[in-house]
file data-v3.cif (mmCIF, C-alpha atoms)
data_coords
loop_
_atom_site.group_PDB
_atom_site.id
_atom_site.type_symbol
_atom_site.label_atom_id
_atom_site.label_comp_id
_atom_site.auth_asym_id
_atom_site.auth_seq_id
_atom_site.Cartn_x
_atom_site.Cartn_y
_atom_site.Cartn_z
ATOM 1 C CA MET A 1 17.010 -3.082 -5.425
ATOM 2 C CA GLU A 2 18.665 -6.453 -6.066
ATOM 3 C CA GLY A 3 16.574 -7.931 -3.253
ATOM 4 C CA LEU A 4 13.414 -6.641 -4.889
ATOM 5 C CA LYS A 5 14.419 -8.259 -8.164
ATOM 6 C CA GLU A 6 14.847 -11.579 -6.394
ATOM 7 C CA MET A 7 11.419 -11.275 -4.790
ATOM 8 C CA LEU A 8 9.782 -10.456 -8.139
ATOM 9 C CA PRO A 9 11.299 -12.882 -10.646
ATOM 10 C CA GLY A 10 10.384 -12.097 -14.241
ATOM 11 C CA VAL A 11 9.281 -8.565 -13.367
ATOM 12 C CA TYR A 12 11.167 -5.540 -14.665
ATOM 13 C CA VAL A 13 12.502 -3.503 -11.736
ATOM 14 C CA TYR A 14 14.127 -0.156 -12.387
ATOM 15 C CA SER A 15 15.603 2.450 -10.052
ATOM 16 C CA ILE A 16 15.795 5.993 -11.323
ATOM 17 C CA SER A 17 17.837 8.995 -10.262
ATOM 18 C CA VAL A 18 17.107 12.632 -11.038
ATOM 19 C CA SER A 19 20.201 13.265 -13.160
ATOM 20 C CA ASP A 20 22.602 11.431 -15.449
ATOM 21 C CA SER A 21 25.314 11.446 -12.795
ATOM 22 C CA THR A 22 26.404 8.152 -11.238
ATOM 23 C CA SER A 23 28.049 9.888 -8.269
ATOM 24 C CA GLU A 24 26.427 9.248 -4.878
ATOM 25 C CA LEU A 25 27.679 12.651 -3.719
ATOM 26 C CA VAL A 26 25.935 14.370 -6.621
ATOM 27 C CA GLU A 27 22.727 12.457 -5.950
ATOM 28 C CA ARG A 28 22.813 13.425 -2.269
ATOM 29 C CA LYS A 29 23.358 17.038 -3.263
ATOM 30 C CA ASN A 30 20.417 16.763 -5.669
ATOM 31 C CA SER A 31 18.217 15.739 -2.753
ATOM 32 C CA TYR A 32 18.892 19.098 -1.091
ATOM 33 C CA PHE A 33 19.678 21.578 -3.830
ATOM 34 C CA GLY A 34 18.016 22.055 -7.184
ATOM 35 C CA ASN A 35 14.559 22.531 -8.669
ATOM 36 C CA ILE A 36 11.992 19.762 -8.141
ATOM 37 C CA ASN A 37 10.124 20.745 -11.281
ATOM 38 C CA ASP A 38 13.274 20.177 -13.340
ATOM 39 C CA GLN A 39 13.822 16.825 -11.627
ATOM 40 C CA VAL A 40 10.263 15.686 -12.343
ATOM 41 C CA ASP A 41 10.639 16.822 -15.966
ATOM 42 C CA TYR A 42 13.815 14.738 -16.170
ATOM 43 C CA VAL A 43 11.951 11.650 -14.951
ATOM 44 C CA CYS A 44 9.064 12.277 -17.366
ATOM 45 C CA SER A 45 11.568 12.410 -20.202
ATOM 46 C CA LYS A 46 13.670 9.493 -18.941
ATOM 47 C CA LEU A 47 10.720 7.112 -18.902
ATOM 48 C CA GLN A 48 10.204 7.838 -22.593
ATOM 49 C CA ASP A 49 13.664 6.454 -23.423
ATOM 50 C CA ASP A 50 13.618 3.595 -25.882
ATOM 51 C CA ASP A 51 15.426 1.251 -23.464
ATOM 52 C CA ILE A 52 12.822 1.814 -20.707
ATOM 53 C CA TYR A 53 9.465 2.683 -22.271
ATOM 54 C CA PRO A 54 8.746 -0.743 -23.865
ATOM 55 C CA PHE A 55 8.889 -2.407 -20.438
ATOM 56 C CA LEU A 56 6.492 0.058 -18.819
ATOM 57 C CA LYS A 57 4.170 0.999 -21.659
ATOM 58 C CA ASN A 58 1.208 -1.062 -20.401
ATOM 59 C CA GLY A 59 1.393 0.302 -16.866
ATOM 60 C CA PHE A 60 3.688 -0.134 -13.892
ATOM 61 C CA ASN A 61 3.734 -0.070 -10.115
ATOM 62 C CA ALA A 62 5.717 2.803 -8.639
ATOM 63 C CA ILE A 63 7.268 3.240 -5.189
ATOM 64 C CA GLY A 64 8.550 6.577 -3.908
ATOM 65 C CA PHE A 65 10.496 6.896 -0.668
ATOM 66 C CA SER A 66 10.446 9.978 1.578
ATOM 67 C CA GLN A 67 10.291 13.146 -0.545
ATOM 68 C CA GLY A 68 10.480 10.921 -3.613
ATOM 69 C CA GLY A 69 6.856 10.061 -2.805
ATOM 70 C CA GLN A 70 5.472 13.505 -3.586
ATOM 71 C CA PHE A 71 7.866 13.862 -6.525
ATOM 72 C CA LEU A 72 6.521 10.602 -7.926
ATOM 73 C CA ARG A 73 2.965 11.819 -7.399
ATOM 74 C CA ALA A 74 3.920 14.884 -9.425
ATOM 75 C CA TYR A 75 4.953 12.525 -12.227
ATOM 76 C CA VAL A 76 1.486 10.959 -12.121
ATOM 77 C CA GLU A 77 -0.298 14.308 -12.129
ATOM 78 C CA ARG A 78 1.814 16.030 -14.759
ATOM 79 C CA CYS A 79 2.931 13.238 -17.088
ATOM 80 C CA ASN A 80 1.745 9.707 -16.326
ATOM 81 C CA LYS A 81 2.944 8.369 -19.637
ATOM 82 C CA PRO A 82 3.670 5.504 -19.234
ATOM 83 C CA ARG A 83 0.876 5.247 -16.715
ATOM 84 C CA VAL A 84 1.229 4.282 -13.053
ATOM 85 C CA TYR A 85 -1.054 1.459 -11.897
ATOM 86 C CA ASN A 86 -0.405 1.306 -8.141
ATOM 87 C CA LEU A 87 1.252 4.362 -6.575
ATOM 88 C CA ILE A 88 2.978 3.527 -3.281
ATOM 89 C CA THR A 89 4.643 6.187 -1.137
ATOM 90 C CA TYR A 90 6.762 5.565 1.953
ATOM 91 C CA GLY A 91 7.025 8.435 4.448
ATOM 92 C CA ALA A 92 6.204 11.094 1.846
ATOM 93 C CA GLN A 93 5.474 14.699 2.772
ATOM 94 C CA HIS A 94 2.326 14.950 0.645
ATOM 95 C CA ASN A 95 0.858 17.919 2.458
ATOM 96 C CA GLY A 96 4.189 19.567 3.107
ATOM 97 C CA VAL A 97 6.268 20.208 6.220
ATOM 98 C CA TYR A 98 6.892 23.150 8.509
ATOM 99 C CA SER A 99 10.302 21.894 9.690
ATOM 100 C CA VAL A 100 13.355 20.747 7.715
ATOM 101 C CA PRO A 101 12.836 16.990 7.167
ATOM 102 C CA GLY A 102 15.474 14.749 8.686
ATOM 103 C CA CYS A 103 17.513 17.570 10.164
ATOM 104 C CA GLY A 104 16.110 17.650 13.678
ATOM 105 C CA ASN A 105 19.350 16.774 15.492
ATOM 106 C CA ASP A 106 21.585 16.560 12.430
ATOM 107 C CA GLU A 107 24.502 18.997 12.605
ATOM 108 C CA SER A 108 26.003 18.051 9.252
ATOM 109 C CA ASP A 109 27.074 20.871 6.940
ATOM 110 C CA LEU A 110 24.126 20.190 4.628
ATOM 111 C CA CYS A 111 21.556 20.454 7.413
ATOM 112 C CA ILE A 112 23.172 23.556 8.894
ATOM 113 C CA ARG A 113 23.086 25.221 5.480
ATOM 114 C CA MET A 114 19.494 24.116 4.970
ATOM 115 C CA ARG A 115 18.338 25.632 8.238
ATOM 116 C CA MET A 116 20.156 28.883 7.496
ATOM 117 C CA LEU A 117 18.615 29.145 4.039
ATOM 118 C CA LEU A 118 15.078 28.371 5.196
ATOM 119 C CA SER A 119 15.264 30.689 8.178
ATOM 120 C CA ALA A 120 16.388 33.539 5.917
ATOM 121 C CA ASN A 121 13.355 33.624 3.640
ATOM 122 C CA VAL A 122 11.850 30.345 2.582
ATOM 123 C CA TYR A 123 9.668 31.957 -0.071
ATOM 124 C CA SER A 124 12.271 34.143 -1.722
ATOM 125 C CA SER A 125 12.692 33.403 -5.423
ATOM 126 C CA PHE A 126 16.289 32.243 -4.999
ATOM 127 C CA ILE A 127 15.537 29.748 -2.213
ATOM 128 C CA GLN A 128 12.375 28.469 -3.894
ATOM 129 C CA HIS A 129 14.292 27.724 -7.079
ATOM 130 C CA HIS A 130 17.400 26.244 -5.470
ATOM 131 C CA VAL A 131 16.521 24.531 -2.165
ATOM 132 C CA ILE A 132 14.534 21.309 -2.515
ATOM 133 C CA GLN A 133 12.928 21.213 0.937
ATOM 134 C CA ALA A 134 11.757 24.822 0.582
ATOM 135 C CA GLN A 135 9.648 23.771 -2.376
ATOM 136 C CA TYR A 136 7.361 21.645 -0.212
ATOM 137 C CA PHE A 137 7.663 23.805 2.924
ATOM 138 C CA LYS A 138 4.272 25.113 4.065
ATOM 139 C CA ASP A 139 4.510 27.901 6.607
ATOM 140 C CA ILE A 140 1.468 27.548 8.855
ATOM 141 C CA ASP A 141 1.695 31.254 9.752
ATOM 142 C CA ASN A 142 2.064 32.519 6.175
ATOM 143 C CA TYR A 143 -0.312 30.438 4.082
ATOM 144 C CA GLU A 144 -1.149 33.204 1.621
ATOM 145 C CA GLU A 145 2.535 33.804 0.885
ATOM 146 C CA TYR A 146 2.956 30.054 0.438
ATOM 147 C CA LEU A 147 0.104 29.979 -2.082
ATOM 148 C CA GLU A 148 1.602 32.860 -4.021
ATOM 149 C CA LYS A 149 5.256 31.827 -4.043
ATOM 150 C CA SER A 150 5.525 28.047 -3.635
ATOM 151 C CA ILE A 151 6.874 26.744 -6.955
ATOM 152 C CA PHE A 152 5.994 23.082 -6.363
ATOM 153 C CA LEU A 153 3.716 21.855 -3.565
ATOM 154 C CA ALA A 154 0.963 24.452 -3.910
ATOM 155 C CA ASP A 155 0.777 23.522 -7.580
ATOM 156 C CA ILE A 156 0.685 19.709 -7.369
ATOM 157 C CA ASN A 157 -1.804 19.878 -4.482
ATOM 158 C CA ASN A 158 -4.049 22.146 -6.590
ATOM 159 C CA GLU A 159 -4.300 24.565 -3.677
ATOM 160 C CA ARG A 160 -4.545 27.736 -5.730
ATOM 161 C CA GLU A 161 -7.842 29.221 -6.856
ATOM 162 C CA ILE A 162 -7.352 28.082 -10.449
ATOM 163 C CA LYS A 163 -7.175 24.279 -10.470
ATOM 164 C CA ASN A 164 -5.483 22.057 -13.041
ATOM 165 C CA PRO A 165 -8.115 19.423 -13.986
ATOM 166 C CA ARG A 166 -5.502 17.092 -15.457
ATOM 167 C CA TYR A 167 -3.975 16.559 -12.002
ATOM 168 C CA LYS A 168 -7.255 15.148 -10.709
ATOM 169 C CA ASP A 169 -7.927 13.146 -13.862
ATOM 170 C CA ASN A 170 -4.536 11.470 -13.701
ATOM 171 C CA MET A 171 -4.798 10.695 -10.000
ATOM 172 C CA ILE A 172 -8.223 9.067 -10.234
ATOM 173 C CA SER A 173 -6.879 6.816 -12.998
ATOM 174 C CA LEU A 174 -4.807 4.974 -10.367
ATOM 175 C CA ASN A 175 -5.793 1.458 -9.368
ATOM 176 C CA LYS A 176 -4.551 2.111 -5.814
ATOM 177 C CA PHE A 177 -2.867 4.997 -4.020
ATOM 178 C CA VAL A 178 -1.060 3.463 -1.034
ATOM 179 C CA MET A 179 0.236 5.934 1.557
ATOM 180 C CA ILE A 180 2.596 4.528 4.181
ATOM 181 C CA LYS A 181 3.747 6.466 7.231
ATOM 182 C CA PHE A 182 6.343 5.429 9.779
ATOM 183 C CA GLY A 183 4.935 4.778 13.243
ATOM 184 C CA GLU A 184 7.842 6.477 15.041
ATOM 185 C CA ASP A 185 8.699 9.059 12.381
ATOM 186 C CA GLN A 186 10.709 11.918 13.902
ATOM 187 C CA ALA A 187 11.743 13.490 10.611
ATOM 188 C CA VAL A 188 8.414 14.543 9.074
ATOM 189 C CA VAL A 189 6.597 17.441 10.766
ATOM 190 C CA PRO A 190 3.646 17.212 10.928
ATOM 191 C CA SER A 191 3.557 13.431 11.234
ATOM 192 C CA SER A 192 0.165 13.307 9.464
ATOM 193 C CA SER A 193 1.607 14.585 6.169
ATOM 194 C CA PRO A 194 2.420 11.094 4.749
ATOM 195 C CA TRP A 195 -1.345 10.405 4.906
ATOM 196 C CA PHE A 196 -2.162 13.847 3.482
ATOM 197 C CA GLY A 197 -3.144 15.166 6.898
ATOM 198 C CA TRP A 198 -2.205 18.563 8.253
ATOM 199 C CA VAL A 199 -2.732 20.741 11.362
ATOM 200 C CA ASN A 200 -5.455 23.171 12.358
ATOM 201 C CA ASP A 201 -5.010 26.709 13.686
ATOM 202 C CA PHE A 202 -4.050 25.274 17.064
ATOM 203 C CA GLU A 203 -1.409 22.995 15.483
ATOM 204 C CA GLU A 204 -3.504 19.944 16.278
ATOM 205 C CA LEU A 205 -3.210 17.099 13.777
ATOM 206 C CA ILE A 206 -6.186 16.693 11.465
ATOM 207 C CA PRO A 207 -6.816 13.719 9.153
ATOM 208 C CA LEU A 208 -7.137 13.852 5.391
ATOM 209 C CA ASN A 209 -10.950 13.845 5.324
ATOM 210 C CA GLU A 210 -11.059 17.018 7.422
ATOM 211 C CA THR A 211 -8.840 18.994 5.040
ATOM 212 C CA ILE A 212 -10.391 21.341 2.491
ATOM 213 C CA GLY A 213 -8.366 19.709 -0.278
ATOM 214 C CA TYR A 214 -10.179 16.423 0.375
ATOM 215 C CA GLN A 215 -13.602 17.960 0.903
ATOM 216 C CA GLU A 216 -13.388 19.904 -2.369
ATOM 217 C CA ASP A 217 -11.592 16.991 -4.102
ATOM 218 C CA TRP A 218 -8.784 19.139 -5.522
ATOM 219 C CA ILE A 219 -6.722 16.214 -6.814
ATOM 220 C CA GLY A 220 -9.282 13.435 -6.654
ATOM 221 C CA LEU A 221 -8.517 12.019 -3.202
ATOM 222 C CA GLN A 222 -12.187 11.977 -2.201
ATOM 223 C CA THR A 223 -13.065 10.266 -5.482
ATOM 224 C CA LEU A 224 -10.374 7.646 -4.903
ATOM 225 C CA ASP A 225 -11.507 7.177 -1.314
ATOM 226 C CA LYS A 226 -15.132 6.577 -2.277
ATOM 227 C CA ALA A 227 -13.965 4.023 -4.845
ATOM 228 C CA ASN A 228 -11.922 2.230 -2.128
ATOM 229 C CA LYS A 229 -8.699 3.090 -3.934
ATOM 230 C CA LEU A 230 -6.922 4.786 -1.008
ATOM 231 C CA GLU A 231 -4.898 2.723 1.441
ATOM 232 C CA PHE A 232 -3.375 4.041 4.683
ATOM 233 C CA LEU A 233 -0.646 1.886 6.200
ATOM 234 C CA THR A 234 1.729 2.322 9.136
ATOM 235 C CA SER A 235 5.195 0.803 8.972
ATOM 236 C CA PRO A 236 7.092 0.180 12.225
ATOM 237 C CA GLY A 237 10.116 2.323 13.009
ATOM 238 C CA ASN A 238 11.516 5.772 12.408
ATOM 239 C CA HIS A 239 11.721 7.562 9.084
ATOM 240 C CA MET A 240 13.132 5.337 6.306
ATOM 241 C CA GLN A 241 13.695 2.369 8.625
ATOM 242 C CA ILE A 242 12.162 -0.165 6.255
ATOM 243 C CA ASP A 243 10.739 -3.162 8.088
ATOM 244 C CA TYR A 244 11.335 -6.216 5.878
ATOM 245 C CA GLU A 245 8.446 -8.308 7.201
ATOM 246 C CA PHE A 246 6.013 -5.402 6.853
ATOM 247 C CA PHE A 247 7.176 -4.763 3.301
ATOM 248 C CA ILE A 248 6.679 -8.401 2.285
ATOM 249 C CA GLU A 249 3.254 -8.809 3.880
ATOM 250 C CA GLU A 250 1.719 -5.369 3.390
ATOM 251 C CA VAL A 251 3.351 -4.030 0.213
ATOM 252 C CA LEU A 252 4.932 -6.716 -1.943
ATOM 253 C CA HIS A 253 2.175 -9.326 -2.020
ATOM 254 C CA PRO A 254 -0.875 -7.051 -2.073
ATOM 255 C CA TYR A 255 0.414 -4.559 -4.644
ATOM 256 C CA LEU A 256 3.597 -5.561 -6.463
ATOM 257 C CA ASP A 257 2.946 -9.128 -7.527
ATOM 258 C CA GLU A 258 -0.785 -8.950 -8.261
ATOM 259 C CA PRO A 259 -1.919 -10.101 -11.711
ATOM 260 C CA MET A 260 -2.775 -7.333 -14.146
ATOM 261 C CA ASP A 261 -6.469 -7.334 -14.968
ATOM 262 C CA SER A 262 -6.413 -4.402 -17.366
ATOM 263 C CA LYS A 263 -4.143 -2.397 -19.595
ATOM 264 C CA PRO A 264 -3.883 1.034 -17.904
ATOM 265 C CA ASP A 265 -1.895 2.749 -20.657
ATOM 266 C CA GLU A 266 -4.004 1.886 -23.672
ATOM 267 C CA ASP A 267 -5.092 5.500 -24.023
ATOM 268 C CA ASP A 268 -4.640 8.291 -21.508
ATOM 269 C CA GLY A 269 -6.065 11.013 -23.715
ATOM 270 C CA GLU A 270 -2.991 13.182 -23.382
ATOM 271 C CA ASP A 271 -0.357 14.178 -25.892
ATOM 272 C CA ASP A 272 -1.228 11.553 -28.501
ATOM 273 C CA GLY A 273 0.980 12.301 -31.458
ATOM 274 C CA GLU A 274 4.418 11.823 -32.900
ATOM 275 C CA ASP A 275 5.976 10.544 -29.694
ATOM 276 C CA ASP A 276 3.452 7.698 -29.477
ATOM 277 C CA ASP A 277 3.988 6.819 -33.138
ATOM 278 C CA HIS A 278 7.715 6.745 -32.559
ATOM 279 C CA HIS A 279 7.382 4.355 -29.651
ATOM 280 C CA ASP A 280 4.926 2.141 -31.538
ATOM 281 C CA ASP A 281 7.418 1.792 -34.393
ATOM 282 C CA GLU A 282 10.271 1.128 -31.996
ATOM 283 C CA ASP A 283 8.222 -1.479 -30.113
ATOM 284 C CA ASP A 284 7.639 -3.464 -33.325
ATOM 285 C CA ASP A 285 11.366 -3.429 -34.130
ATOM 286 C CA TYR A 286 12.130 -4.244 -30.525
ATOM 287 C CA ASP A 287 10.008 -7.405 -30.533
ATOM 288 C CA ASP A 288 11.521 -8.577 -33.857
ATOM 289 C CA GLU A 289 15.030 -8.398 -32.438
ATOM 290 C CA ASN A 290 14.302 -10.233 -29.183
ATOM 291 C CA GLU A 291 15.811 -13.552 -30.325
ATOM 292 C CA ASP A 292 19.184 -11.863 -30.856
ATOM 293 C CA ILE A 293 19.455 -10.479 -27.329
ATOM 294 C CA ASP A 294 22.132 -11.955 -25.126
ATOM 295 C CA LYS A 295 20.360 -12.872 -21.901
ATOM 296 C CA ASP A 296 23.563 -12.340 -19.923
ATOM 297 C CA GLU A 297 23.669 -8.625 -20.639
ATOM 298 C CA ASP A 298 23.442 -6.396 -17.586
ATOM 299 C CA LEU A 299 20.164 -4.498 -17.998
ATOM 300 C CA GLU A 300 18.663 -6.815 -20.587
ATOM 301 C CA ASN A 301 19.159 -10.102 -18.743
ATOM 302 C CA TYR A 302 15.456 -10.941 -18.888
ATOM 303 C CA ASP A 303 13.724 -12.371 -21.928
ATOM 304 C CA ARG A 304 12.123 -9.185 -23.248
ATOM 305 C CA GLN A 305 9.679 -10.948 -25.504
ATOM 306 C CA GLU A 306 8.296 -12.958 -22.572
ATOM 307 C CA ARG A 307 7.898 -9.804 -20.498
ATOM 308 C CA ASN A 308 6.099 -7.980 -23.284
ATOM 309 C CA GLU A 309 3.783 -10.945 -23.817
ATOM 310 C CA ASN A 310 2.960 -10.957 -20.101
ATOM 311 C CA SER A 311 2.221 -7.253 -20.211
ATOM 312 C CA ASP A 312 -0.134 -7.728 -23.138
ATOM 313 C CA ASP A 313 -2.053 -10.611 -21.556
ATOM 314 C CA ASP A 314 -5.442 -9.381 -20.366
ATOM 315 C CA GLY A 315 -5.770 -11.744 -17.417
ATOM 316 C CA ASP A 316 -2.670 -13.754 -16.629
ATOM 317 C CA GLY A 317 0.177 -11.265 -16.892
ATOM 318 C CA TYR A 318 1.909 -9.324 -14.131
ATOM 319 C CA LEU A 319 2.400 -5.599 -13.991
ATOM 320 C CA ASN A 320 5.832 -4.260 -14.727
ATOM 321 C CA SER A 321 7.091 -2.790 -11.471
ATOM 322 C CA PHE A 322 9.166 0.336 -11.244
ATOM 323 C CA PHE A 323 11.245 1.051 -8.157
ATOM 324 C CA PHE A 324 11.380 4.809 -7.918
ATOM 325 C CA ASN A 325 14.414 5.560 -5.774
ATOM 326 C CA MET A 326 14.253 9.342 -5.771
ATOM 327 C CA GLN A 327 15.674 11.273 -2.819
ATOM 328 C CA GLN A 328 15.829 8.847 0.060
#

call {"tool": "encode", "arguments": {"input": "data-v3.cif", "output": "structure tokens"}}
result
Amino acid sequence: MEGLKEMLPGVYVYSISVSDSTSELVERKNSYFGNINDQVDYVCSKLQDDDIYPFLKNGFNAIGFSQGGQFLRAYVERCNKPRVYNLITYGAQHNGVYSVPGCGNDESDLCIRMRMLLSANVYSSFIQHHVIQAQYFKDIDNYEEYLEKSIFLADINNEREIKNPRYKDNMISLNKFVMIKFGEDQAVVPSSSPWFGWVNDFEELIPLNETIGYQEDWIGLQTLDKANKLEFLTSPGNHMQIDYEFFIEEVLHPYLDEPMDSKPDEDDGEDDGEDDDHHDDEDDDYDDENEDIDKDEDLENYDRQERNENSDDDGDGYLNSFFFNMQQ
């Protein structure tokens, strides 16, 4: 993250976890065990904190790595306040998996336990509510059971008969939805999932535009596509082997340092009430106290007033960028 800060001087960069713990062991455990819905709720709440919200209130770029990509998309669909401008996902499993991600030849205790749990009954209530990978596992031989019992993926993909219109509305509000897959990815099965592809009845890979979710526009992907707001990129290497040159040329310059030409979070039509009033009051106080801030402080080492002025500039400012480091 420090490297990203250096590449984007004057831009607020923030990395978020899915709990208050600072332990790497706890965070790794959280990437395997827990409830994704609770983790997304935590992020929705965290971004409303008074020490974060003022920096992001006019819109921000968001990057999600691996399963953090679909979790970040869930933030957009369910919350999106503050609003995401460019959504960028690296190696995400947007359309699910039918094999444990990253555990192909891994014989670690965590992967062994994962395989045992998923092989037992992936759609049992206990496993669905406690095993992260089970919550975006799509059994190609038991689709109806998946629709009935999946507590996460079937919902955010709007696959059930009753659709949530807010999910589509929030997705089509994006400036760009950038989906990046790894060219030699051996962790994500099927390999088309990072681009929202899937497999047919013969387990042959099919692209996004041949899926029913695209054709019926369940979450607005067809709408985004027709507006030229979908981008499909391929990064060299295996899963989560980030190629520096590719990142600079294909991600950083096109999407993270572009000037902001609008204010995405002026009004999202959702949940306007006391929380917004609270933040408006806090923002006024926040700006008044800017001259007293010690620029050498750890998190506040930027000039906040300058950043807020840039965010409020209709043509010359730069988007606040948010590095979403969930579940690598």

call {"tool": "resolve_selection", "arguments": {"input": "data-v3.cif", "expression": "the PyMOL selection byres ((chain A and resi 193) around 10)", "output": "list in words"}}
result
Gly91, Ala92, Gln93, His94, Asn95, Gly96, Val97, Met179, Lys181, Val188, Val189, Pro190, Ser191, Ser192, Pro194, Trp195, Phe196, Gly197, Trp198, Val199, Leu205, Ile206, Pro207 and Leu208 of chain A

call {"tool": "write_last_selection", "arguments": {"input": "data-v3.cif", "atoms": "C-alpha atoms", "output": "tab-separated table (two decimals), in the coordinates of the input"}}
result
chain	number	residue	atom	x	y	z
A	91	GLY	CA	7.02	8.44	4.45
A	92	ALA	CA	6.20	11.09	1.85
A	93	GLN	CA	5.47	14.70	2.77
A	94	HIS	CA	2.33	14.95	0.64
A	95	ASN	CA	0.86	17.92	2.46
A	96	GLY	CA	4.19	19.57	3.11
A	97	VAL	CA	6.27	20.21	6.22
A	179	MET	CA	0.24	5.93	1.56
A	181	LYS	CA	3.75	6.47	7.23
A	188	VAL	CA	8.41	14.54	9.07
A	189	VAL	CA	6.60	17.44	10.77
A	190	PRO	CA	3.65	17.21	10.93
A	191	SER	CA	3.56	13.43	11.23
A	192	SER	CA	0.16	13.31	9.46
A	194	PRO	CA	2.42	11.09	4.75
A	195	TRP	CA	-1.34	10.40	4.91
A	196	PHE	CA	-2.16	13.85	3.48
A	197	GLY	CA	-3.14	15.17	6.90
A	198	TRP	CA	-2.20	18.56	8.25
A	199	VAL	CA	-2.73	20.74	11.36
A	205	LEU	CA	-3.21	17.10	13.78
A	206	ILE	CA	-6.19	16.69	11.46
A	207	PRO	CA	-6.82	13.72	9.15
A	208	LEU	CA	-7.14	13.85	5.39

call {"tool": "closest_residue", "arguments": {"input": "data-v3.cif", "among": "A:Glu258, A:Asn209, A:Ser66, A:Arg73", "to": "Ala187 (chain A)", "atoms": "all atoms listed in the file"}}
result
A:Ser66

call {"tool": "axis_aligned_box", "arguments": {"input": "data-v3.cif", "around": "region 157-167 of chain A", "padding_each_side": "6 Å", "output": "AutoDock Vina command-line options"}}
result
--center_x -5.0 --center_y 22.9 --center_z -9.6 --size_x 18.3 --size_y 24.7 --size_z 23.8

call {"tool": "atom_distance", "arguments": {"input": "data-v3.cif", "atom1": "CA of Leu110 (chain A)", "atom2": "CA of Ile88 (chain A)"}}
result
28.1 Å

call {"tool": "residues_around", "arguments": {"input": "data-v3.cif", "residues": "Gly3 (chain A)", "least_positions_apart": "5", "cutoff": "12 Å", "atoms": "only C-alpha atoms", "output": "PyMOL selection string"}}
result
chain A and resi 8-9+13+244+247-248+252+323

call {"tool": "closest_residue", "arguments": {"input": "data-v3.cif", "among": "A:Tyr12, A:Thr22, A:Tyr255, A:Asn175", "to": "Asp51 (chain A)", "atoms": "only C-alpha atoms"}}
result
A:Tyr12

call {"tool": "atom_distance", "arguments": {"input": "data-v3.cif", "atom1": "CA of Val18 (chain A)", "atom2": "CA of Asn30 (chain A)"}}
result
7.5 Å

call {"tool": "resolve_selection", "arguments": {"input": "data-v3.cif", "expression": "the PyMOL selection byres ((chain A and resi 165) around 12)", "output": "MDAnalysis selection string"}}
result
chainID A and resid 77:78 155:158 162:164 166:172 217:220

call {"tool": "decode", "arguments": {"input": "data-v3.cif", "residues": "region 189-202 of chain A", "atoms": "N, CA and C atoms", "output": "tab-separated table (two decimals), in the first residue's frame"}}
result
chain	number	residue	atom	x	y	z
A	189	VAL	N	-11.65	-21.70	-10.37
A	189	VAL	CA	-12.30	-22.66	-11.26
A	189	VAL	C	-13.80	-22.43	-11.21
A	190	PRO	N	-14.38	-22.00	-12.36
A	190	PRO	CA	-13.80	-21.90	-13.70
A	190	PRO	C	-13.01	-20.61	-13.88
A	191	SER	N	-12.08	-20.63	-14.82
A	191	SER	CA	-11.20	-19.49	-15.03
A	191	SER	C	-11.91	-18.28	-15.63
A	192	SER	N	-13.15	-18.48	-16.11
A	192	SER	CA	-13.92	-17.37	-16.69
A	192	SER	C	-14.66	-16.55	-15.63
A	193	SER	N	-14.68	-17.02	-14.39
A	193	SER	CA	-15.45	-16.34	-13.34
A	193	SER	C	-15.00	-14.91	-13.08
A	194	PRO	N	-13.69	-14.57	-13.14
A	194	PRO	CA	-13.30	-13.17	-12.92
A	194	PRO	C	-13.90	-12.20	-13.93
A	195	TRP	N	-14.30	-12.70	-15.11
A	195	TRP	CA	-14.98	-11.89	-16.12
A	195	TRP	C	-16.48	-12.17	-16.14
A	196	PHE	N	-16.99	-12.77	-15.08
A	196	PHE	CA	-18.41	-13.08	-14.95
A	196	PHE	C	-18.86	-14.17	-15.92
A	197	GLY	N	-17.91	-14.96	-16.43
A	197	GLY	CA	-18.28	-16.09	-17.26
A	197	GLY	C	-18.63	-17.29	-16.40
A	198	TRP	N	-19.04	-18.36	-17.05
A	198	TRP	CA	-19.37	-19.58	-16.32
A	198	TRP	C	-19.14	-20.77	-17.24
A	199	VAL	N	-19.81	-21.89	-17.01
A	199	VAL	CA	-19.69	-23.08	-17.85
A	199	VAL	C	-21.09	-23.53	-18.26
A	200	ASN	N	-21.16	-24.22	-19.39
A	200	ASN	CA	-22.45	-24.77	-19.82
A	200	ASN	C	-22.62	-26.18	-19.26
A	201	ASP	N	-23.64	-26.87	-19.72
A	201	ASP	CA	-23.93	-28.22	-19.20
A	201	ASP	C	-22.82	-29.22	-19.49
A	202	PHE	N	-21.96	-28.88	-20.43
A	202	PHE	CA	-20.85	-29.77	-20.78
A	202	PHE	C	-19.55	-29.29	-20.16
